[in-house]
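> So that you have it, the file is work_25.pdb, and it contains PDB, C-alpha atoms, pLDDT in the B column:
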ATOM      1  CA  MET A  31     144.000 112.902  20.159  1.00 58.00           C
ATOM      2  CA  THR A  32     144.948 110.187  22.662  1.00 83.00           C
ATOM      3  CA  ILE A  33     143.238 107.348  20.822  1.00 93.00           C
ATOM      4  CA  GLU A  34     143.799 106.517  17.165  1.00 96.00           C
ATOM      5  CA  PHE A  35     140.379 105.099  16.302  1.00 98.00           C
ATOM      6  CA  VAL A  36     137.449 103.088  17.648  1.00 98.00           C
ATOM      7  CA  ILE A  37     136.205  99.660  16.519  1.00 98.00           C
ATOM      8  CA  CYS A  38     132.618  98.735  17.327  1.00 98.00           C
ATOM      9  CA  GLY A  39     129.859  96.619  15.841  1.00 98.00           C
ATOM     10  CA  LEU A  40     127.440  93.806  16.416  1.00 97.00           C
ATOM     11  CA  GLU A  41     128.733  91.211  18.827  1.00 94.00           C
ATOM     12  CA  HIS A  42     130.459  88.292  17.039  1.00 92.00           C
ATOM     13  CA  SER A  43     130.569  90.191  13.741  1.00 93.00           C
ATOM     14  CA  GLY A  44     134.351  90.366  13.436  1.00 91.00           C
ATOM     15  CA  THR A  45     135.346  93.168  15.803  1.00 94.00           C
ATOM     16  CA  THR A  46     138.065  91.067  17.432  1.00 91.00           C
ATOM     17  CA  LEU A  47     139.273  89.909  14.011  1.00 91.00           C
ATOM     18  CA  ILE A  48     139.476  93.520  12.851  1.00 94.00           C
ATOM     19  CA  SER A  49     141.343  94.547  15.990  1.00 93.00           C
ATOM     20  CA  ASP A  50     143.838  91.719  15.438  1.00 90.00           C
ATOM     21  CA  LEU A  51     144.412  92.985  11.902  1.00 92.00           C
ATOM     22  CA  PHE A  52     145.279  96.422  13.256  1.00 94.00           C
ATOM     23  CA  ARG A  53     147.553  94.908  15.897  1.00 90.00           C
ATOM     24  CA  GLN A  54     149.795  93.789  13.051  1.00 90.00           C
ATOM     25  CA  VAL A  55     150.833  97.433  12.670  1.00 92.00           C
ATOM     26  CA  ASP A  56     154.046  98.148  14.583  1.00 90.00           C
ATOM     27  CA  GLY A  57     153.378 100.381  17.573  1.00 91.00           C
ATOM     28  CA  LEU A  58     149.595  99.968  17.527  1.00 94.00           C
ATOM     29  CA  ASP A  59     147.811  98.007  20.258  1.00 93.00           C
ATOM     30  CA  ALA A  60     144.731  97.760  22.483  1.00 94.00           C
ATOM     31  CA  GLY A  61     143.272  95.748  25.295  1.00 92.00           C
ATOM     32  CA  PHE A  62     140.242  93.531  24.772  1.00 92.00           C
ATOM     33  CA  GLU A  63     137.406  96.020  25.420  1.00 95.00           C
ATOM     34  CA  ALA A  64     137.125  99.410  27.106  1.00 96.00           C
ATOM     35  CA  GLY A  65     133.560 100.742  27.208  1.00 97.00           C
ATOM     36  CA  VAL A  66     134.242 104.192  28.611  1.00 98.00           C
ATOM     37  CA  LEU A  67     132.476 105.986  25.738  1.00 98.00           C
ATOM     38  CA  LEU A  68     129.196 104.535  27.016  1.00 98.00           C
ATOM     39  CA  SER A  69     129.489 106.894  29.983  1.00 98.00           C
ATOM     40  CA  GLU A  70     128.885 110.620  29.721  1.00 97.00           C
ATOM     41  CA  LYS A  71     131.912 111.239  31.952  1.00 96.00           C
ATOM     42  CA  PRO A  72     134.809 108.951  32.985  1.00 97.00           C
ATOM     43  CA  SER A  73     133.765 109.298  36.630  1.00 96.00           C
ATOM     44  CA  GLU A  74     130.476 107.562  35.801  1.00 97.00           C
ATOM     45  CA  PHE A  75     132.269 104.655  34.162  1.00 97.00           C
ATOM     46  CA  GLN A  76     133.517 103.295  37.479  1.00 95.00           C
ATOM     47  CA  THR A  77     130.113 101.704  38.169  1.00 94.00           C
ATOM     48  CA  LEU A  78     129.097 100.794  34.603  1.00 96.00           C
ATOM     49  CA  GLU A  79     128.910  97.007  34.485  1.00 96.00           C
ATOM     50  CA  PRO A  80     129.938  94.711  32.967  1.00 96.00           C
ATOM     51  CA  PHE A  81     132.468  97.045  31.342  1.00 96.00           C
ATOM     52  CA  ALA A  82     133.978  98.334  34.586  1.00 96.00           C
ATOM     53  CA  THR A  83     134.973  94.724  35.291  1.00 96.00           C
ATOM     54  CA  ILE A  84     135.855  93.734  31.717  1.00 95.00           C
ATOM     55  CA  ILE A  85     138.328  96.565  31.233  1.00 97.00           C
ATOM     56  CA  LYS A  86     140.437  95.520  34.231  1.00 96.00           C
ATOM     57  CA  GLU A  87     141.123  92.083  32.813  1.00 94.00           C
ATOM     58  CA  GLY A  88     141.133  93.130  29.167  1.00 94.00           C
ATOM     59  CA  TRP A  89     143.647  95.938  29.662  1.00 96.00           C
ATOM     60  CA  ASN A  90     145.441  94.312  32.607  1.00 95.00           C
ATOM     61  CA  ILE A  91     144.941  97.053  35.177  1.00 96.00           C
ATOM     62  CA  ASP A  92     144.217  96.753  38.888  1.00 96.00           C
ATOM     63  CA  GLU A  93     141.533  98.530  40.885  1.00 96.00           C
ATOM     64  CA  ALA A  94     143.763 101.433  41.886  1.00 97.00           C
ATOM     65  CA  ALA A  95     144.805 102.015  38.283  1.00 97.00           C
ATOM     66  CA  PHE A  96     141.180 101.862  37.163  1.00 97.00           C
ATOM     67  CA  THR A  97     140.249 104.461  39.782  1.00 97.00           C
ATOM     68  CA  ARG A  98     143.000 106.776  38.504  1.00 97.00           C
ATOM     69  CA  CYS A  99     141.682 106.390  34.944  1.00 97.00           C
ATOM     70  CA  CYS A 100     138.131 107.197  36.014  1.00 98.00           C
ATOM     71  CA  ALA A 101     139.354 110.311  37.825  1.00 97.00           C
ATOM     72  CA  ALA A 102     140.343 111.791  34.453  1.00 97.00           C
ATOM     73  CA  PRO A 103     138.325 114.902  33.551  1.00 97.00           C
ATOM     74  CA  THR A 104     137.687 113.926  29.925  1.00 97.00           C
ATOM     75  CA  HIS A 105     137.492 110.808  27.793  1.00 97.00           C
ATOM     76  CA  ALA A 106     140.719 111.805  26.066  1.00 97.00           C
ATOM     77  CA  ALA A 107     142.435 112.048  29.452  1.00 97.00           C
ATOM     78  CA  PHE A 108     140.968 108.668  30.438  1.00 97.00           C
ATOM     79  CA  TYR A 109     142.626 107.017  27.431  1.00 97.00           C
ATOM     80  CA  LYS A 110     145.890 108.806  28.155  1.00 95.00           C
ATOM     81  CA  GLN A 111     145.885 107.446  31.718  1.00 96.00           C
ATOM     82  CA  LEU A 112     144.794 103.985  30.538  1.00 96.00           C
ATOM     83  CA  LYS A 113     147.772 103.869  28.204  1.00 94.00           C
ATOM     84  CA  ILE A 114     150.064 104.637  31.141  1.00 93.00           C
ATOM     85  CA  GLU A 115     148.450 102.092  33.456  1.00 94.00           C
ATOM     86  CA  SER A 116     147.906  99.130  31.132  1.00 94.00           C
ATOM     87  CA  ALA A 117     150.242  96.149  31.400  1.00 91.00           C
ATOM     88  CA  GLU A 118     148.551  94.589  28.366  1.00 89.00           C
ATOM     89  CA  LEU A 119     150.212  96.848  25.818  1.00 88.00           C
ATOM     90  CA  LEU A 120     153.276  95.404  24.118  1.00 73.00           C
ATOM     91  CA  GLY A 121     156.298  97.626  23.483  1.00 70.00           C
ATOM     92  CA  ASP A 122     157.234 101.251  24.011  1.00 70.00           C
ATOM     93  CA  ASN A 123     155.689 104.340  22.403  1.00 75.00           C
ATOM     94  CA  ILE A 124     152.442 102.482  21.743  1.00 89.00           C
ATOM     95  CA  ARG A 125     149.507 104.163  20.036  1.00 94.00           C
ATOM     96  CA  ILE A 126     146.195 102.758  21.199  1.00 95.00           C
ATOM     97  CA  PHE A 127     142.715 102.138  19.863  1.00 97.00           C
ATOM     98  CA  ASP A 128     139.495 101.059  21.547  1.00 97.00           C
ATOM     99  CA  LYS A 129     137.559  97.948  20.454  1.00 97.00           C
ATOM    100  CA  THR A 130     134.154  97.757  22.156  1.00 97.00           C
ATOM    101  CA  PRO A 131     131.296  96.216  20.130  1.00 97.00           C
ATOM    102  CA  ARG A 132     128.535  97.707  22.294  1.00 97.00           C
ATOM    103  CA  TYR A 133     129.339 101.231  21.131  1.00 98.00           C
ATOM    104  CA  LEU A 134     127.239 100.550  18.014  1.00 98.00           C
ATOM    105  CA  SER A 135     124.069 100.526  20.120  1.00 98.00           C
ATOM    106  CA  ARG A 136     124.934 104.030  21.397  1.00 98.00           C
ATOM    107  CA  LEU A 137     126.858 105.290  18.396  1.00 98.00           C
ATOM    108  CA  ASP A 138     125.337 108.777  18.367  1.00 97.00           C
ATOM    109  CA  ASP A 139     126.443 109.363  21.965  1.00 98.00           C
ATOM    110  CA  CYS A 140     129.869 107.784  21.521  1.00 98.00           C
ATOM    111  CA  LEU A 141     130.658 110.017  18.550  1.00 98.00           C
ATOM    112  CA  THR A 142     130.229 113.085  20.757  1.00 97.00           C
ATOM    113  CA  ARG A 143     132.823 111.806  23.245  1.00 97.00           C
ATOM    114  CA  THR A 144     135.833 111.466  20.960  1.00 97.00           C
ATOM    115  CA  ASP A 145     137.058 112.989  17.714  1.00 96.00           C
ATOM    116  CA  ALA A 146     138.534 109.658  16.573  1.00 97.00           C
ATOM    117  CA  PRO A 147     137.290 107.828  13.469  1.00 98.00           C
ATOM    118  CA  PHE A 148     135.146 104.724  13.908  1.00 98.00           C
ATOM    119  CA  ILE A 149     135.013 101.367  12.168  1.00 98.00           C
ATOM    120  CA  ALA A 150     131.728  99.501  12.723  1.00 98.00           C
ATOM    121  CA  SER A 151     131.070  95.908  11.690  1.00 97.00           C
ATOM    122  CA  PHE A 152     127.837  94.016  11.171  1.00 98.00           C
ATOM    123  CA  LYS A 153     126.714  90.736   9.633  1.00 97.00           C
ATOM    124  CA  ASP A 154     123.727  88.974   8.110  1.00 97.00           C
ATOM    125  CA  PRO A 155     120.891  88.391  10.628  1.00 98.00           C
ATOM    126  CA  ARG A 156     120.887  84.709   9.672  1.00 97.00           C
ATOM    127  CA  ALA A 157     124.519  84.531  10.778  1.00 96.00           C
ATOM    128  CA  ILE A 158     123.733  86.475  13.952  1.00 97.00           C
ATOM    129  CA  VAL A 159     121.063  83.993  15.001  1.00 97.00           C
ATOM    130  CA  HIS A 160     123.292  81.058  14.069  1.00 96.00           C
ATOM    131  CA  SER A 161     126.249  82.253  16.134  1.00 94.00           C
ATOM    132  CA  ASP A 162     124.003  82.988  19.126  1.00 96.00           C
ATOM    133  CA  PHE A 163     122.404  79.533  18.929  1.00 96.00           C
ATOM    134  CA  ARG A 164     125.821  77.876  18.793  1.00 93.00           C
ATOM    135  CA  ARG A 165     126.663  79.498  22.109  1.00 93.00           C
ATOM    136  CA  VAL A 166     123.796  77.901  24.053  1.00 93.00           C
ATOM    137  CA  ASP A 167     123.461  74.361  25.349  1.00 87.00           C
ATOM    138  CA  ASN A 168     120.199  73.606  23.577  1.00 88.00           C
ATOM    139  CA  ASP A 169     119.340  71.273  20.699  1.00 88.00           C
ATOM    140  CA  ASP A 170     115.800  72.618  20.271  1.00 94.00           C
ATOM    141  CA  PHE A 171     116.318  75.547  17.920  1.00 96.00           C
ATOM    142  CA  PHE A 172     112.672  76.494  17.509  1.00 96.00           C
ATOM    143  CA  GLY A 173     111.942  76.346  21.230  1.00 96.00           C
ATOM    144  CA  TRP A 174     115.008  78.457  21.944  1.00 97.00           C
ATOM    145  CA  TYR A 175     114.247  80.892  19.139  1.00 97.00           C
ATOM    146  CA  LYS A 176     110.729  81.643  20.420  1.00 96.00           C
ATOM    147  CA  ASP A 177     112.148  83.130  23.622  1.00 96.00           C
ATOM    148  CA  TYR A 178     115.288  84.560  22.022  1.00 97.00           C
ATOM    149  CA  MET A 179     113.852  86.434  19.051  1.00 98.00           C
ATOM    150  CA  PRO A 180     111.846  89.331  20.634  1.00 98.00           C
ATOM    151  CA  LYS A 181     114.664  90.568  22.855  1.00 97.00           C
ATOM    152  CA  LYS A 182     117.281  90.130  20.134  1.00 98.00           C
ATOM    153  CA  ARG A 183     115.144  91.935  17.577  1.00 98.00           C
ATOM    154  CA  HIS A 184     114.662  94.838  19.990  1.00 98.00           C
ATOM    155  CA  TYR A 185     118.437  95.143  20.457  1.00 98.00           C
ATOM    156  CA  LEU A 186     119.170  94.859  16.738  1.00 98.00           C
ATOM    157  CA  ARG A 187     116.544  97.496  15.962  1.00 98.00           C
ATOM    158  CA  THR A 188     118.411  99.859  18.251  1.00 98.00           C
ATOM    159  CA  CYS A 189     121.710  99.120  16.533  1.00 98.00           C
ATOM    160  CA  TYR A 190     120.140  99.396  13.090  1.00 98.00           C
ATOM    161  CA  ARG A 191     118.740 102.862  13.825  1.00 98.00           C
ATOM    162  CA  GLN A 192     122.203 103.969  14.905  1.00 98.00           C
ATOM    163  CA  TYR A 193     123.676 102.416  11.748  1.00 98.00           C
ATOM    164  CA  LYS A 194     121.188 104.127   9.423  1.00 98.00           C
ATOM    165  CA  ASN A 195     121.676 107.522  11.038  1.00 97.00           C
ATOM    166  CA  ALA A 196     125.462 107.377  10.993  1.00 98.00           C
ATOM    167  CA  LYS A 197     125.594 105.982   7.468  1.00 97.00           C
ATOM    168  CA  ALA A 198     123.566 108.936   6.235  1.00 97.00           C
ATOM    169  CA  ASN A 199     125.140 111.681   8.336  1.00 96.00           C
ATOM    170  CA  GLU A 200     128.510 110.752   9.833  1.00 97.00           C
ATOM    171  CA  PRO A 201     131.583 110.389   7.594  1.00 97.00           C
ATOM    172  CA  ARG A 202     133.725 109.501  10.615  1.00 97.00           C
ATOM    173  CA  VAL A 203     132.138 106.030  10.647  1.00 98.00           C
ATOM    174  CA  PHE A 204     133.208 103.345   8.178  1.00 98.00           C
ATOM    175  CA  PHE A 205     130.805 100.395   8.067  1.00 98.00           C
ATOM    176  CA  ILE A 206     131.981  96.947   6.984  1.00 97.00           C
ATOM    177  CA  SER A 207     130.015  93.715   6.822  1.00 97.00           C
ATOM    178  CA  LEU A 208     131.680  90.475   7.840  1.00 96.00           C
ATOM    179  CA  GLU A 209     130.565  89.016   4.520  1.00 96.00           C
ATOM    180  CA  MET A 210     132.376  91.693   2.510  1.00 95.00           C
ATOM    181  CA  LEU A 211     135.453  91.328   4.687  1.00 94.00           C
ATOM    182  CA  ALA A 212     135.456  87.593   3.944  1.00 92.00           C
ATOM    183  CA  LEU A 213     134.665  87.739   0.227  1.00 93.00           C
ATOM    184  CA  ASP A 214     136.543  90.918  -0.720  1.00 93.00           C
ATOM    185  CA  ALA A 215     139.260  90.919   1.893  1.00 91.00           C
ATOM    186  CA  ARG A 216     141.922  92.998   0.157  1.00 92.00           C
ATOM    187  CA  ASN A 217     139.656  95.878  -0.862  1.00 95.00           C
ATOM    188  CA  SER A 218     137.906  95.831   2.519  1.00 95.00           C
ATOM    189  CA  MET A 219     141.194  95.996   4.388  1.00 94.00           C
ATOM    190  CA  ASP A 220     142.521  98.783   2.174  1.00 96.00           C
ATOM    191  CA  ALA A 221     139.351 100.773   2.854  1.00 97.00           C
ATOM    192  CA  MET A 222     139.385 100.167   6.628  1.00 97.00           C
ATOM    193  CA  PHE A 223     143.026 101.097   7.014  1.00 97.00           C
ATOM    194  CA  GLY A 224     142.644 104.126   4.773  1.00 97.00           C
ATOM    195  CA  HIS A 225     139.708 105.359   6.834  1.00 98.00           C
ATOM    196  CA  VAL A 226     141.914 105.618   9.927  1.00 97.00           C
ATOM    197  CA  GLY A 227     144.908 107.051   8.059  1.00 96.00           C
ATOM    198  CA  LEU A 228     146.986 103.882   7.799  1.00 96.00           C
ATOM    199  CA  GLU A 229     148.358 101.978   4.839  1.00 94.00           C
ATOM    200  CA  PHE A 230     147.474  98.315   4.545  1.00 93.00           C
ATOM    201  CA  SER A 231     150.293  95.812   3.955  1.00 92.00           C
ATOM    202  CA  LEU A 232     149.931  92.296   2.586  1.00 88.00           C
ATOM    203  CA  ASN A 233     152.081  91.211   5.540  1.00 87.00           C
ATOM    204  CA  TYR A 234     149.038  91.730   7.745  1.00 86.00           C
ATOM    205  CA  MET A 235     146.998  89.065   5.912  1.00 80.00           C
ATOM    206  CA  LEU A 236     148.415  86.246   8.053  1.00 76.00           C
ATOM    207  CA  MET A 237     148.051  87.579  11.560  1.00 72.00           C
ATOM    208  CA  ASN A 238     150.747  86.927  14.142  1.00 73.00           C
ATOM    209  CA  GLY A 239     150.531  87.108  17.912  1.00 65.00           C
ATOM    210  CA  LEU A 240     146.816  86.431  18.244  1.00 64.00           C
ATOM    211  CA  ARG A 241     145.855  87.213  21.815  1.00 63.00           C
ATOM    212  CA  TYR A 242     142.225  86.222  22.199  1.00 61.00           C
ATOM    213  CA  ALA A 243     140.574  82.822  21.929  1.00 55.00           C
ATOM    214  CA  ASN A 244     137.513  84.123  20.077  1.00 59.00           C
ATOM    215  CA  THR A 245     139.621  84.848  17.004  1.00 57.00           C
ATOM    216  CA  ARG A 246     139.089  81.526  15.281  1.00 56.00           C
ATOM    217  CA  SER A 247     141.740  81.831  12.550  1.00 62.00           C
ATOM    218  CA  ASN A 248     144.934  83.720  11.828  1.00 62.00           C
ATOM    219  CA  ALA A 249     143.471  84.855   8.491  1.00 65.00           C
ATOM    220  CA  VAL A 250     140.173  86.153   7.171  1.00 70.00           C
ATOM    221  CA  SER A 251     138.226  83.187   5.783  1.00 73.00           C
ATOM    222  CA  ILE A 252     134.877  82.682   4.082  1.00 78.00           C
ATOM    223  CA  PRO A 253     133.523  80.024   6.525  1.00 80.00           C
ATOM    224  CA  ILE A 254     133.687  82.549   9.369  1.00 83.00           C
ATOM    225  CA  ALA A 255     130.903  84.531   7.703  1.00 88.00           C
ATOM    226  CA  PHE A 256     128.845  81.757   6.138  1.00 93.00           C
ATOM    227  CA  SER A 257     128.882  78.837   8.580  1.00 92.00           C
ATOM    228  CA  TYR A 258     125.119  79.190   9.056  1.00 94.00           C
ATOM    229  CA  LEU A 259     124.612  77.789   5.544  1.00 94.00           C
ATOM    230  CA  ALA A 260     125.793  74.372   6.721  1.00 93.00           C
ATOM    231  CA  ASP A 261     123.400  74.168   9.683  1.00 93.00           C
ATOM    232  CA  PHE A 262     120.235  76.057   8.724  1.00 96.00           C
ATOM    233  CA  ASP A 263     117.733  74.793   6.157  1.00 96.00           C
ATOM    234  CA  ASP A 264     114.985  76.805   4.452  1.00 96.00           C
ATOM    235  CA  GLN A 265     112.688  76.528   7.476  1.00 97.00           C
ATOM    236  CA  HIS A 266     115.297  78.201   9.684  1.00 97.00           C
ATOM    237  CA  THR A 267     116.322  80.910   7.233  1.00 97.00           C
ATOM    238  CA  ASN A 268     112.779  81.753   6.116  1.00 97.00           C
ATOM    239  CA  LEU A 269     111.780  82.303   9.745  1.00 98.00           C
ATOM    240  CA  ILE A 270     114.751  84.571  10.414  1.00 98.00           C
ATOM    241  CA  GLU A 271     114.231  86.506   7.181  1.00 98.00           C
ATOM    242  CA  LYS A 272     110.608  87.171   8.153  1.00 98.00           C
ATOM    243  CA  ASP A 273     111.258  88.183  11.754  1.00 98.00           C
ATOM    244  CA  PHE A 274     114.264  90.402  10.987  1.00 98.00           C
ATOM    245  CA  ALA A 275     113.141  91.727   7.584  1.00 98.00           C
ATOM    246  CA  GLU A 276     113.378  95.353   8.725  1.00 98.00           C
ATOM    247  CA  LEU A 277     117.194  94.975   8.938  1.00 98.00           C
ATOM    248  CA  GLU A 278     117.269  94.829   5.167  1.00 97.00           C
ATOM    249  CA  ASP A 279     120.701  96.420   4.639  1.00 97.00           C
ATOM    250  CA  TRP A 280     122.336  93.702   6.708  1.00 98.00           C
ATOM    251  CA  PHE A 281     121.112  90.719   4.707  1.00 98.00           C
ATOM    252  CA  TYR A 282     123.823  89.573   2.334  1.00 96.00           C
ATOM    253  CA  GLN A 283     122.416  88.549  -1.032  1.00 89.00           C
TER
END
Go ahead and express the file in the form of structure tokens.

Amino acid sequence: MTIEFVICGLEHSGTTLISDLFRQVDGLDAGFEAGVLLSEKPSEFQTLEPFATIIKEGWNIDEAAFTRCCAAPTHAAFYKQLKIESAELLGDNIRIFDKTPRYLSRLDDCLTRTDAPFIASFKDPRAIVHSDFRRVDNDDFFGWYKDYMPKKRHYLRTCYRQYKNAKANEPRVFFISLEMLALDARNSMDAMFGHVGLEFSLNYMLMNGLRYANTRSNAVSIPIAFSYLADFDDQHTNLIEKDFAELEDWFYQ
């Protein structure tokens, strides 16, 4: 196996935080995102956007190196070549993992393309809507939400179907909510690390060498998961609870 494990999940649900936790392990590293498991064959990945562009910056490879990776006959060979080509990896004899949130939306397919274990994160739909709204330049929540909700619900339905199927049938996938990671950090970390065959150390709790700006803290903290409580009143949350009610497993009570 040329890749140790895969991290995926809903966007902004802690995938980068989880990857930074694993980077605390000596000899374990990854670039920002890969995306190759979204393609049936590595040769098809060369034109899969935006991931064909993201991987070059996130793993620090040039166009020629990317072409050599995509010439690999299998996904395992792709990762082996990526490890050779990447200037992002720190140190010698590195073992690599792949962190790409979008894999959750195609989890069934991605599981057929590697034998590695998966960790998949999700979070409360109220927190999803809150984090998406914070990323737009718009003070009119309800006007924004009217256009936002149908497309977002369609995408989350897709992810939720993948989640339900894998939870019932695929022991290679460990699911973790951002809320549980925040409120029960030690047990959650023990379980995540154990799932991929690693032992968790308390030394990893305060993360060193953070590489990416979207990791907002060097430690797991409760406000990361529950910041929507400060901004949304009952009118906001009742609307979200009604429109996304079918995602019942993801609501944290």
> Distance atom CA of Arg53 of chain A-atom CA of Ile124 of chain A, one decimal place?
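According to the coordinates, atom CA of Arg53 of chain A and atom CA of Ile124 of chain A are separated by 10.7 Å.
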> Between A:Thr130, A:Gln111, A:Thr45, A:Ser73, single out the one closest to Ile85 of chain A, counting only C-alpha atoms.
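Closest candidate: A:Thr130.
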> I need the residue nearest Ile149 of chain A from this list: A:Phe172, A:Phe223, A:Tyr234, A:Phe281. Use all atoms listed in the file for the distance.
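The shortest atom-to-atom distance to Ile149 of chain A comes from A:Phe223.
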> Given the file shown, enumerate the residues that the PyMOL selection byres ((chain A and resi 34) around 7) captures and present them as a list in words.
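For this structure, the PyMOL selection byres ((chain A and resi 34) around 7) resolves to Thr32, Ile33, Phe35, Arg125, Ile126, Phe127 and Ala146 of chain A.
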> Which residues of segment 143-181 of chain A sit at most 10 Å from segment 193-207 of chain A, using all atoms listed in the file? Give each one's shortest atom pair and distance in Å (one decimal place), in chain and ascending residue order, as CSV.

residue,atom,partner,partner_atom,distance
A:Asp145,CA,A:Arg202,CA,8.6
A:Ala146,CA,A:Arg202,CA,7.7
A:Pro147,CA,A:Arg202,CA,4.9
A:Phe148,CA,A:Val203,CA,4.6
A:Ile149,CA,A:Phe204,CA,4.8
A:Ala150,CA,A:Phe205,CA,4.8
A:Ser151,CA,A:Ile206,CA,4.9
A:Phe152,CA,A:Ser207,CA,4.9
A:Lys153,CA,A:Ser207,CA,5.3
A:Asp154,CA,A:Ser207,CA,8.0
> Dump as a list in words all residues having an atom at most 7 Å from (155.1, 100.8, 19.3), computed in the file's coordinates with all atoms listed in the file.
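Checking each residue against the 7 Å limit leaves Asp56, Gly57, Leu58, Gly121, Asp122, Asn123, Ile124 and Arg125 of chain A.
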> Would you work out the distance separating atom CA of Leu134 of chain A from atom CA of Lys71 of chain A, expressed in Å to one decimal?
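Calculated distance between atom CA of Leu134 of chain A and atom CA of Lys71 of chain A is 18.2 Å.
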> Which residue out of A:Cys189, A:Leu213, A:Ile252, A:Leu269 has the minimum interatomic distance to Gly39 of chain A when only C-alpha atoms are used?
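Comparing A:Cys189, A:Leu213, A:Ile252, A:Leu269 against Gly39 of chain A, the winner is A:Cys189.
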> What does the distance from atom CA of Gly173 of chain A to atom CA of Ser257 of chain A come to in Å, to one decimal?
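The value is 21.3 Å.
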> On this file, the PyMOL selection byres ((chain A and resi 51) around 10) gives some set of residues; write that set as a PyMOL selection string.
chain A and resi 45-50+52-55+219+223+230+234-238+240+248-250
> Just the residues within 12 Å of Thr83 of chain A, please, counting all atoms listed in the file, with nothing from its chain fewer than 3 positions along; format it as a tab-separated table (two decimals) with C-alpha atoms, in the coordinates of the input.

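File produced: result.tsv:
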chain	number	residue	atom	x	y	z
A	62	PHE	CA	140.24	93.53	24.77
A	63	GLU	CA	137.41	96.02	25.42
A	64	ALA	CA	137.12	99.41	27.11
A	65	GLY	CA	133.56	100.74	27.21
A	66	VAL	CA	134.24	104.19	28.61
A	75	PHE	CA	132.27	104.66	34.16
A	76	GLN	CA	133.52	103.30	37.48
A	77	THR	CA	130.11	101.70	38.17
A	78	LEU	CA	129.10	100.79	34.60
A	79	GLU	CA	128.91	97.01	34.48
A	80	PRO	CA	129.94	94.71	32.97
A	86	LYS	CA	140.44	95.52	34.23
A	87	GLU	CA	141.12	92.08	32.81
A	88	GLY	CA	141.13	93.13	29.17
A	89	TRP	CA	143.65	95.94	29.66
A	90	ASN	CA	145.44	94.31	32.61
A	91	ILE	CA	144.94	97.05	35.18
A	92	ASP	CA	144.22	96.75	38.89
A	93	GLU	CA	141.53	98.53	40.88
A	96	PHE	CA	141.18	101.86	37.16
A	97	THR	CA	140.25	104.46	39.78
> Considering all atoms listed in the file, state which residue in the set A:Ala255, A:Leu232, A:Leu112, A:Leu277 is at the smallest distance from Pro155 of chain A.
A:Leu277
> Give the answer as one residue: which of A:Arg164, A:Arg156, A:Arg187, A:Lys176 has the shortest atom-to-atom distance to Gln283 of chain A, using only C-alpha atoms?
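Result for the nearest residue to Gln283 of chain A: A:Arg156.
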> Measuring atom to atom with all atoms listed in the file, identify which of A:Asp263, A:Glu229, A:Glu276, A:Glu271 is nearest to Arg216 of chain A.
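Checking each of A:Asp263, A:Glu229, A:Glu276, A:Glu271 against Arg216 of chain A, counting all atoms listed in the file, the winner is A:Glu229.
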